[in-house]
>>> print(open('run_14.txt').read())   # compact mmCIF, C-alpha atoms
# COMPACT_ATOMS: atom_id res chain seq x y z
CA MET A 1 143.11 97.70 225.17
CA ARG A 2 141.92 94.49 223.57
CA CYS A 3 145.30 92.83 224.09
CA MET A 4 145.29 93.72 227.79
CA ILE A 5 141.81 92.30 228.27
CA SER A 6 142.75 89.09 226.44
CA TRP A 7 145.90 88.63 228.58
CA ARG A 8 143.92 89.08 231.83
CA ALA A 9 141.26 86.65 230.69
CA ALA A 10 143.88 84.05 229.75
CA SER A 11 145.63 84.43 233.13
CA ALA A 12 142.38 83.94 235.07
CA ALA A 13 141.54 80.89 233.00
CA ALA A 14 144.97 79.37 233.70
CA ARG A 15 144.58 79.87 237.43
CA ALA A 16 141.13 78.29 237.35
CA CYS A 17 142.46 75.27 235.46
CA ALA A 18 145.30 74.85 237.94
CA ALA A 19 142.90 74.99 240.89
CA LEU A 20 140.61 72.43 239.24
CA LEU A 21 143.58 70.15 238.57
CA LEU A 22 144.62 70.29 242.23
CA LEU A 23 141.12 69.40 243.36
CA LEU A 24 141.07 66.41 241.02
CA LEU A 25 144.37 65.02 242.30
CA PRO A 26 143.83 62.31 245.01
CA GLY A 27 144.92 63.46 248.43
CA ALA A 28 145.81 66.96 247.23
CA ALA A 29 143.61 68.67 249.85
CA ALA A 30 145.24 66.71 252.70
CA ARG A 31 148.63 67.20 254.22
CA ALA A 32 151.05 64.53 252.99
CA ALA A 33 152.07 61.88 255.54
CA THR A 34 155.78 61.72 256.34
CA VAL A 35 158.10 58.72 256.60
CA GLU A 36 161.53 59.34 258.13
CA LEU A 37 164.09 56.56 257.88
CA PHE A 38 166.86 56.15 260.48
CA ALA A 39 169.48 53.77 259.10
CA PRO A 40 172.98 52.76 260.26
CA ARG A 41 176.25 53.39 258.42
CA PRO A 42 176.02 52.52 254.68
CA PHE A 43 179.34 50.66 254.44
CA GLY A 44 181.46 47.97 256.10
CA TYR A 45 179.04 45.02 255.97
CA PHE A 46 179.95 41.36 255.49
CA ILE A 47 178.05 38.16 254.93
CA GLY A 48 175.82 37.34 257.89
CA ASP A 49 175.68 40.88 259.27
CA VAL A 50 172.44 42.21 260.77
CA ILE A 51 171.09 45.60 259.67
CA THR A 52 168.47 47.46 261.70
CA HIS A 53 166.19 50.13 260.20
CA GLU A 54 163.87 52.39 262.16
CA ALA A 55 161.22 54.39 260.34
CA VAL A 56 159.07 57.03 262.04
CA LEU A 57 155.67 57.52 260.35
CA ALA A 58 153.48 60.58 260.97
CA LEU A 59 149.92 60.41 259.55
CA ASP A 60 147.14 62.90 258.98
CA PRO A 61 144.46 63.21 261.68
CA GLY A 62 141.97 60.38 261.33
CA TYR A 63 144.36 58.04 259.53
CA GLN A 64 145.85 54.95 261.11
CA LEU A 65 148.30 52.42 259.78
CA ALA A 66 146.77 49.19 258.48
CA GLU A 67 148.59 46.47 260.39
CA SER A 68 147.47 43.89 257.83
CA GLY A 69 149.75 45.61 255.35
CA LEU A 70 152.85 45.40 257.55
CA PRO A 71 155.72 43.28 256.26
CA ARG A 72 156.16 39.83 257.71
CA PRO A 73 159.51 38.08 258.37
CA ARG A 74 160.46 36.43 255.11
CA PRO A 75 163.23 36.16 252.50
CA VAL A 76 163.19 39.50 250.67
CA THR A 77 165.68 38.40 247.99
CA TYR A 78 167.98 35.43 247.59
CA TRP A 79 170.63 37.23 249.66
CA LEU A 80 168.49 39.25 252.12
CA ASP A 81 166.10 38.08 254.88
CA LEU A 82 163.70 40.19 256.88
CA VAL A 83 164.25 38.73 260.36
CA SER A 84 161.62 40.72 262.27
CA ALA A 85 159.26 43.69 261.93
CA ARG A 86 157.96 45.44 265.03
CA LEU A 87 155.48 48.34 265.11
CA THR A 88 155.33 50.66 268.13
CA ALA A 89 152.81 53.45 268.66
CA LEU A 90 154.28 56.88 269.52
CA PRO A 91 152.58 59.87 271.17
CA GLU A 92 150.28 61.72 268.78
CA ARG A 93 151.32 65.07 267.36
CA ALA A 94 148.88 67.72 266.08
CA GLY A 95 146.07 65.16 266.27
CA GLY A 96 147.76 62.69 263.95
CA ARG A 97 148.98 59.22 264.80
CA ARG A 98 152.69 58.43 264.88
CA TYR A 99 154.42 55.07 264.69
CA ARG A 100 157.91 53.61 264.87
CA LEU A 101 158.53 50.65 262.56
CA THR A 102 161.64 48.62 263.39
CA LEU A 103 162.89 46.34 260.60
CA ILE A 104 165.77 43.93 261.16
CA TYR A 105 167.46 42.47 258.08
CA GLN A 106 170.26 39.95 257.65
CA THR A 107 172.44 39.90 254.56
CA PHE A 108 173.87 36.70 253.08
CA TYR A 109 175.59 38.21 250.07
CA ALA A 110 179.24 37.18 249.60
CA PRO A 111 180.75 39.64 247.13
CA LEU A 112 184.13 39.14 245.45
CA GLU A 113 184.77 42.89 245.76
CA PRO A 114 183.07 45.76 247.57
CA ARG A 115 179.64 46.14 246.03
CA ALA A 116 176.66 48.43 246.55
CA LEU A 117 173.44 46.60 247.39
CA GLU A 118 169.94 47.95 247.91
CA ILE A 119 167.35 47.02 250.49
CA PRO A 120 164.08 47.60 248.60
CA ALA A 121 161.38 50.01 249.70
CA VAL A 122 158.68 48.73 252.02
CA PRO A 123 155.12 49.66 250.95
CA LEU A 124 152.59 50.53 253.66
CA VAL A 125 148.95 51.57 253.70
CA ALA A 126 147.13 54.03 255.97
CA ALA A 127 143.34 54.22 256.04
CA ASP A 128 140.66 56.60 257.24
CA ARG A 129 137.33 54.79 256.79
CA ASP A 130 137.00 54.52 252.99
CA LYS A 131 140.07 56.65 252.28
CA ARG A 132 143.40 54.94 251.68
CA LEU A 133 146.84 56.52 251.67
CA ALA A 134 149.85 54.73 250.17
CA LEU A 135 153.12 55.12 252.07
CA SER A 136 156.57 53.66 251.61
CA VAL A 137 159.68 53.23 253.70
CA PRO A 138 162.32 54.34 251.23
CA ALA A 139 164.90 52.02 249.73
CA TRP A 140 168.38 52.08 251.24
CA THR A 141 171.77 51.37 249.69
CA PHE A 142 174.79 49.99 251.49
CA VAL A 143 178.18 48.56 250.58
CA SER A 144 178.97 44.90 251.22
CA SER A 145 182.61 43.79 251.34
CA PRO A 146 184.30 40.40 250.86
CA LEU A 147 185.77 38.51 253.76
CA ARG A 148 189.04 37.79 251.94
CA GLU A 149 190.94 38.97 248.94
CA ILE A 150 190.48 37.18 245.61
CA VAL A 151 194.17 36.75 244.83
CA SER A 152 196.42 36.29 247.83
CA SER A 153 199.28 38.77 248.11
CA ARG A 154 201.27 36.15 249.99
CA THR A 155 202.60 32.79 248.97
CA ALA A 156 200.39 30.92 251.46
CA ASN A 157 197.05 29.53 250.35
CA PRO A 158 194.32 31.76 251.87
CA MET A 159 191.89 28.83 251.83
CA ALA A 160 194.16 26.39 253.64
CA LEU A 161 193.18 25.33 257.11
CA GLN A 162 195.15 27.08 259.81
CA PRO A 163 196.39 25.29 262.93
CA ASP A 164 194.30 25.60 266.06
CA ILE A 165 195.32 28.14 268.63
CA ALA A 166 196.96 26.32 271.50
CA PRO A 167 195.13 26.91 274.76
CA ALA A 168 197.05 28.72 277.45
CA PRO A 169 197.85 26.47 280.44
CA TYR A 170 195.83 27.14 283.56
CA PRO A 171 197.41 26.32 286.92
CA LEU A 172 195.22 23.92 288.89
CA ARG A 173 197.34 23.53 292.00
CA ASP A 174 195.41 26.03 294.11
CA ASP A 175 192.07 24.70 292.87
CA LEU A 176 193.07 21.11 293.69
CA ARG A 177 194.13 22.15 297.17
CA ALA A 178 190.84 23.96 297.74
CA ALA A 179 188.87 20.96 296.43
CA GLY A 180 190.83 18.56 298.66
CA GLY A 181 190.28 20.75 301.70
CA ALA A 182 186.57 21.01 300.98
CA ALA A 183 186.32 17.23 300.50
CA GLY A 184 188.14 16.59 303.78
CA LEU A 185 185.92 19.04 305.62
CA ALA A 186 182.82 17.38 304.14
CA VAL A 187 183.98 13.92 305.25
CA ALA A 188 184.81 15.16 308.76
CA SER A 189 181.43 16.89 309.01
CA LEU A 190 179.64 13.74 307.87
CA LEU A 191 181.45 11.62 310.45
CA ALA A 192 180.67 14.14 313.19
CA LEU A 193 177.02 14.17 312.17
CA ALA A 194 176.92 10.36 312.12
CA MET A 195 178.33 10.28 315.65
CA LEU A 196 175.90 12.96 316.80
CA ARG A 197 172.85 11.29 315.27
CA GLY A 198 173.92 7.72 315.97
CA TRP A 199 173.99 6.60 312.33
CA GLY A 200 175.52 3.37 311.08
CA PRO A 201 178.19 1.88 313.33
CA PHE A 202 177.73 4.67 315.88
CA ALA A 203 174.09 3.79 316.55
CA SER A 204 174.28 0.86 318.94
CA ARG A 205 177.79 1.30 320.36
CA ARG A 206 177.71 4.96 321.34
CA MET A 207 174.05 6.03 321.31
CA PRO A 208 171.77 3.28 322.57
CA PHE A 209 168.83 5.63 323.17
CA CYS A 210 168.97 6.81 319.53
CA ASP A 211 168.87 3.20 318.39
CA ALA A 212 165.98 2.43 320.74
CA ALA A 213 163.99 5.46 319.62
CA ARG A 214 164.48 4.47 315.99
CA ARG A 215 163.24 0.93 316.60
CA LEU A 216 160.36 2.00 318.85
CA ARG A 217 159.13 4.39 316.19
CA GLY A 218 158.17 1.43 314.01
CA SER A 219 156.64 -0.79 316.70
CA LEU A 220 154.67 1.76 318.76
CA ALA A 221 153.60 4.28 316.12
CA ASP A 222 150.11 2.91 315.38
CA ALA A 223 147.84 1.20 318.03
CA PRO A 224 150.47 -1.14 319.53
CA THR A 225 149.42 -4.51 320.93
CA PRO A 226 150.21 -5.51 324.55
CA GLU A 227 153.02 -7.68 323.22
CA ALA A 228 154.50 -4.77 321.24
CA TYR A 229 154.25 -2.57 324.33
CA ALA A 230 156.10 -5.13 326.45
CA ALA A 231 158.75 -5.52 323.75
CA GLY A 232 159.15 -1.75 323.71
CA LEU A 233 159.77 -1.74 327.47
CA VAL A 234 162.46 -4.38 327.04
CA LEU A 235 164.04 -2.43 324.21
CA LEU A 236 164.30 0.71 326.33
CA HIS A 237 165.63 -1.37 329.27
CA ARG A 238 168.48 -2.56 327.04
CA ALA A 239 169.22 1.08 326.11
CA PHE A 240 169.45 2.01 329.82
CA ASP A 241 171.74 -0.98 330.41
CA ALA A 242 174.02 0.05 327.52
CA ALA A 243 174.13 3.67 328.70
CA ALA A 244 174.94 2.65 332.27
CA GLY A 245 177.39 -0.08 331.29
CA ARG A 246 175.57 -2.63 333.46
CA ARG A 247 172.08 -3.85 334.29
CA LEU A 248 170.12 -0.85 335.52
CA LEU A 249 167.35 -1.41 338.06
CA ALA A 250 164.80 1.03 339.46
CA GLU A 251 166.89 1.45 342.60
CA ASP A 252 169.88 2.56 340.51
CA VAL A 253 168.12 5.45 338.70
CA THR A 254 169.36 8.10 341.16
CA THR A 255 172.97 6.94 340.81
CA PHE A 256 172.62 6.73 337.00
CA LEU A 257 171.27 10.28 336.72
CA ALA A 258 174.04 11.61 338.96
CA GLY A 259 176.60 10.16 336.56
CA ALA A 260 174.68 11.24 333.43
CA PRO A 261 173.19 14.65 334.28
CA ARG A 262 172.06 15.22 330.67
CA PHE A 263 169.17 12.81 331.37
CA ALA A 264 168.22 14.48 334.67
CA PRO A 265 165.32 16.53 333.18
CA GLU A 266 163.62 13.19 332.42
CA ALA A 267 163.94 11.83 335.96
CA ASP A 268 160.18 11.67 336.67
CA ALA A 269 159.43 10.00 333.35
CA ILE A 270 162.25 7.49 333.90
CA VAL A 271 160.84 6.60 337.32
CA ARG A 272 157.40 6.03 335.76
CA PHE A 273 159.04 3.89 333.07
CA PHE A 274 160.54 1.56 335.66
CA ALA A 275 157.23 1.51 337.57
CA ALA A 276 155.29 0.53 334.43
CA SER A 277 157.89 -2.12 333.61
CA ARG A 278 157.56 -3.62 337.10
CA MET A 279 153.75 -3.79 336.66
CA VAL A 280 154.03 -5.57 333.31
CA PHE A 281 156.73 -8.11 334.11
CA PHE A 282 156.27 -8.66 337.87
CA GLY A 283 152.83 -7.32 338.81
CA MET A 284 151.05 -8.94 335.85
CA ASP A 285 148.96 -5.81 335.43
CA PRO A 286 149.60 -4.51 331.89
CA GLU A 287 146.51 -2.34 331.85
CA GLN A 288 147.65 -0.42 334.95
CA ALA A 289 151.12 -0.16 333.42
CA ARG A 290 149.71 1.43 330.27
CA ALA A 291 147.78 3.84 332.41
CA VAL A 292 150.96 4.88 334.21
CA LEU A 293 152.99 5.14 330.96
CA PRO A 294 150.95 4.85 327.74
CA ALA A 295 152.59 3.71 324.54
CA ASP A 296 152.76 7.23 323.09
CA ALA A 297 154.38 8.48 326.32
CA LEU A 298 156.93 5.63 326.11
CA LEU A 299 157.73 6.61 322.52
CA ALA A 300 157.99 10.29 323.48
CA LEU A 301 160.34 9.40 326.37
CA SER A 302 162.62 7.46 324.04
CA ARG A 303 162.77 10.41 321.67
CA ARG A 304 163.63 12.87 324.44
CA LEU A 305 166.31 10.55 325.81
CA ALA A 306 167.76 10.23 322.28
CA ALA A 307 167.76 14.01 321.91
CA ALA A 308 169.54 14.44 325.25
CA GLU A 309 172.02 11.75 324.23
CA ARG A 310 172.81 13.56 320.97
CA ASP A 311 173.00 17.04 322.49
CA GLY A 312 174.93 16.17 325.63
CA GLY A 313 172.28 17.70 327.89
CA ARG A 314 171.80 21.00 326.07
CA ARG A 315 168.14 20.23 325.50
CA THR A 316 165.69 20.04 328.35
CA HIS A 317 162.15 18.78 328.41
CA ALA A 318 160.13 21.89 327.55
CA GLY A 319 156.61 20.57 328.21
CA PRO A 320 155.09 18.90 331.23
CA ASP A 321 155.58 15.17 331.64
CA PHE A 322 152.64 12.85 331.17
CA ALA A 323 151.13 12.21 334.58
CA PRO A 324 147.95 10.12 334.67
CA GLU A 325 145.31 11.04 337.14
CA GLY A 326 146.04 9.55 340.57
CA VAL A 327 149.70 8.78 339.79
CA SER A 328 152.51 11.05 340.99
>>> encode(input="run_14.txt", output="structure tokens")
Amino acid sequence: MRCMISWRAASAAARACAALLLLLLPGAAARAATVELFAPRPFGYFIGDVITHEAVLALDPGYQLAESGLPRPRPVTYWLDLVSARLTALPERAGGRRYRLTLIYQTFYAPLEPRALEIPAVPLVAADRDKRLALSVPAWTFVSSPLREIVSSRTANPMALQPDIAPAPYPLRDDLRAAGGAAGLAVASLLALAMLRGWGPFASRRMPFCDAARRLRGSLADAPTPEAYAAGLVLLHRAFDAAAGRRLLAEDVTTFLAGAPRFAPEADAIVRFFAASRMVFFGMDPEQARAVLPADALLALSRRLAAAERDGGRRTHAGPDFAPEGVS
């Protein structure tokens, strides 16, 4: 009876001591945080290869990872660099925070034979107010292999420079034909555009109104003087003469328009032009002439004539002609 009582008392005391020891251990009352490492294959690596690790961390409720304790890109050892470290928050589970830590390493070890190397563990810290929890991404071992054999099994020197690979010939005949055709088309298009717009040698010989409009733009653009206005009338007279192939007078306008129907939409404005010219050079009444055909109307007429000359009559005067009060 005494022995049985002593054994029961000793058993109860042992259980009490074990419970007290568990209470005294730091973090014993809390569920342990988990760190799960996802690593690539552990073999077949050479100098310069990149190794990516992903670790998923699950913490107790209330804890969060201390970002100040995260690893920074740096040389880990003389042969291993931590290229980048990226932390991503994951959806919580059971009230606890979860993270994904992506670590990218690059190895610079050049072994003479296949050799096992270890990426060291990464310490981390989680905190809940004044409580701190030490975590660690576990170490990982992989096998690094040499790029070449130590002793060559062939007679050739493995370190000797090898000849360059000769580039395969590429036929350029079709490309040269396409480039020549494109260049010819570009030159033909440029010449056609020059003829259409009256550029360069085509300006005065083939398109006198385009040349006149270009020159009038500079002389009549801003507040022209009476002299500039008279010179502009002469300039447009010379364009009419060149277009008609002879001196064109007011009485010849009807015949001119019958032979050049592309200018027919401007018949009224052309008649007013000749009337204004007669007032300036024969009536000695420049003010009345500028009332019949102001300088801006003269400039606009030259532009419309140039447009009709370029387009061959496809354009017509869309807006009403300028008609001063009292002049038809």
>>> residues_around(input="run_14.txt", residues="range 117-130 of chain A", least_positions_apart="2", cutoff="7 Å", atoms="only C-alpha atoms", output="JSON, numbers by chain")
{"A": [62, 63, 64, 65, 66, 69, 70, 115, 132, 133, 134, 135, 136, 137, 138, 139, 140, 141, 142, 143, 144]}
>>> atom_distance(input="run_14.txt", atom1="CA of Asp164 in chain A", atom2="CA of Ser145 in chain A")
26.2 Å
>>> residues_around(input="run_14.txt", residues="Leu220 in chain A", least_positions_apart="3", cutoff="10 Å", atoms="only C-alpha atoms", output="list in words")
Arg215, Leu216, Arg217, Ala223, Pro224, Thr225, Ala228, Tyr229, Ala231, Gly232, Ala295, Asp296, Leu298 and Leu299 of chain A
>>> atom_distance(input="run_14.txt", atom1="CA of Ala269 in chain A", atom2="CA of Trp199 in chain A")
25.8 Å
>>> closest_residue(input="run_14.txt", among="A:Ala276, A:Ile47, A:Ala250, A:Leu185", to="Ala110 in chain A", atoms="all atoms listed in the file")
A:Ile47
>>> decode(input="run_14.txt", residues="range 135-150 of chain A", atoms="N, CA, C and O atoms", output="PDB file, in the first residue's frame")
ATOM      1  N   LEU A 135      12.150  32.964 -37.268  1.00  0.00           N
ATOM      2  CA  LEU A 135      11.870  32.022 -38.349  1.00  0.00           C
ATOM      3  C   LEU A 135      13.121  31.846 -39.187  1.00  0.00           C
ATOM      4  O   LEU A 135      14.091  32.610 -39.058  1.00  0.00           O
ATOM      5  N   SER A 136      13.077  30.889 -40.102  1.00  0.00           N
ATOM      6  CA  SER A 136      14.236  30.658 -40.954  1.00  0.00           C
ATOM      7  C   SER A 136      13.799  29.898 -42.198  1.00  0.00           C
ATOM      8  O   SER A 136      13.088  28.887 -42.103  1.00  0.00           O
ATOM      9  N   VAL A 137      14.194  30.442 -43.350  1.00  0.00           N
ATOM     10  CA  VAL A 137      14.055  29.673 -44.591  1.00  0.00           C
ATOM     11  C   VAL A 137      15.179  28.649 -44.592  1.00  0.00           C
ATOM     12  O   VAL A 137      16.356  29.024 -44.493  1.00  0.00           O
ATOM     13  N   PRO A 138      14.867  27.385 -44.690  1.00  0.00           N
ATOM     14  CA  PRO A 138      15.908  26.376 -44.494  1.00  0.00           C
ATOM     15  C   PRO A 138      16.997  26.428 -45.558  1.00  0.00           C
ATOM     16  O   PRO A 138      16.797  26.928 -46.665  1.00  0.00           O
ATOM     17  N   ALA A 139      18.175  25.907 -45.164  1.00  0.00           N
ATOM     18  CA  ALA A 139      19.276  25.813 -46.116  1.00  0.00           C
ATOM     19  C   ALA A 139      18.918  24.798 -47.205  1.00  0.00           C
ATOM     20  O   ALA A 139      18.050  23.938 -47.031  1.00  0.00           O
ATOM     21  N   TRP A 140      19.633  24.915 -48.338  1.00  0.00           N
ATOM     22  CA  TRP A 140      19.308  24.052 -49.478  1.00  0.00           C
ATOM     23  C   TRP A 140      20.605  23.653 -50.164  1.00  0.00           C
ATOM     24  O   TRP A 140      21.506  24.465 -50.383  1.00  0.00           O
ATOM     25  N   THR A 141      20.718  22.392 -50.503  1.00  0.00           N
ATOM     26  CA  THR A 141      21.930  21.847 -51.098  1.00  0.00           C
ATOM     27  C   THR A 141      21.671  21.479 -52.556  1.00  0.00           C
ATOM     28  O   THR A 141      20.626  20.909 -52.888  1.00  0.00           O
ATOM     29  N   PHE A 142      22.631  21.819 -53.394  1.00  0.00           N
ATOM     30  CA  PHE A 142      22.536  21.465 -54.811  1.00  0.00           C
ATOM     31  C   PHE A 142      23.916  21.046 -55.304  1.00  0.00           C
ATOM     32  O   PHE A 142      24.936  21.257 -54.626  1.00  0.00           O
ATOM     33  N   VAL A 143      23.937  20.459 -56.492  1.00  0.00           N
ATOM     34  CA  VAL A 143      25.181  19.962 -57.074  1.00  0.00           C
ATOM     35  C   VAL A 143      25.571  20.842 -58.247  1.00  0.00           C
ATOM     36  O   VAL A 143      24.778  21.052 -59.170  1.00  0.00           O
ATOM     37  N   SER A 144      26.782  21.386 -58.191  1.00  0.00           N
ATOM     38  CA  SER A 144      27.336  22.199 -59.260  1.00  0.00           C
ATOM     39  C   SER A 144      28.328  21.368 -60.049  1.00  0.00           C
ATOM     40  O   SER A 144      29.119  20.599 -59.465  1.00  0.00           O
ATOM     41  N   SER A 145      28.307  21.501 -61.373  1.00  0.00           N
ATOM     42  CA  SER A 145      29.138  20.668 -62.246  1.00  0.00           C
ATOM     43  C   SER A 145      30.097  21.542 -63.037  1.00  0.00           C
ATOM     44  O   SER A 145      29.817  22.717 -63.301  1.00  0.00           O
ATOM     45  N   PRO A 146      31.232  20.989 -63.455  1.00  0.00           N
ATOM     46  CA  PRO A 146      32.195  21.760 -64.262  1.00  0.00           C
ATOM     47  C   PRO A 146      31.701  21.895 -65.703  1.00  0.00           C
ATOM     48  O   PRO A 146      30.897  21.096 -66.189  1.00  0.00           O
ATOM     49  N   LEU A 147      32.227  22.898 -66.355  1.00  0.00           N
ATOM     50  CA  LEU A 147      31.870  23.095 -67.762  1.00  0.00           C
ATOM     51  C   LEU A 147      32.659  22.188 -68.691  1.00  0.00           C
ATOM     52  O   LEU A 147      32.212  21.895 -69.794  1.00  0.00           O
ATOM     53  N   ARG A 148      33.811  21.748 -68.286  1.00  0.00           N
ATOM     54  CA  ARG A 148      34.644  20.885 -69.129  1.00  0.00           C
ATOM     55  C   ARG A 148      35.359  19.874 -68.248  1.00  0.00           C
ATOM     56  O   ARG A 148      35.451  20.030 -67.021  1.00  0.00           O
ATOM     57  N   GLU A 149      35.845  18.855 -68.896  1.00  0.00           N
ATOM     58  CA  GLU A 149      36.586  17.834 -68.155  1.00  0.00           C
ATOM     59  C   GLU A 149      38.001  18.330 -67.833  1.00  0.00           C
ATOM     60  O   GLU A 149      38.558  19.165 -68.538  1.00  0.00           O
ATOM     61  N   ILE A 150      38.568  17.788 -66.756  1.00  0.00           N
ATOM     62  CA  ILE A 150      39.898  18.227 -66.331  1.00  0.00           C
ATOM     63  C   ILE A 150      40.969  17.751 -67.302  1.00  0.00           C
ATOM     64  O   ILE A 150      41.797  18.524 -67.776  1.00  0.00           O
TER      65      ILE A 150
END
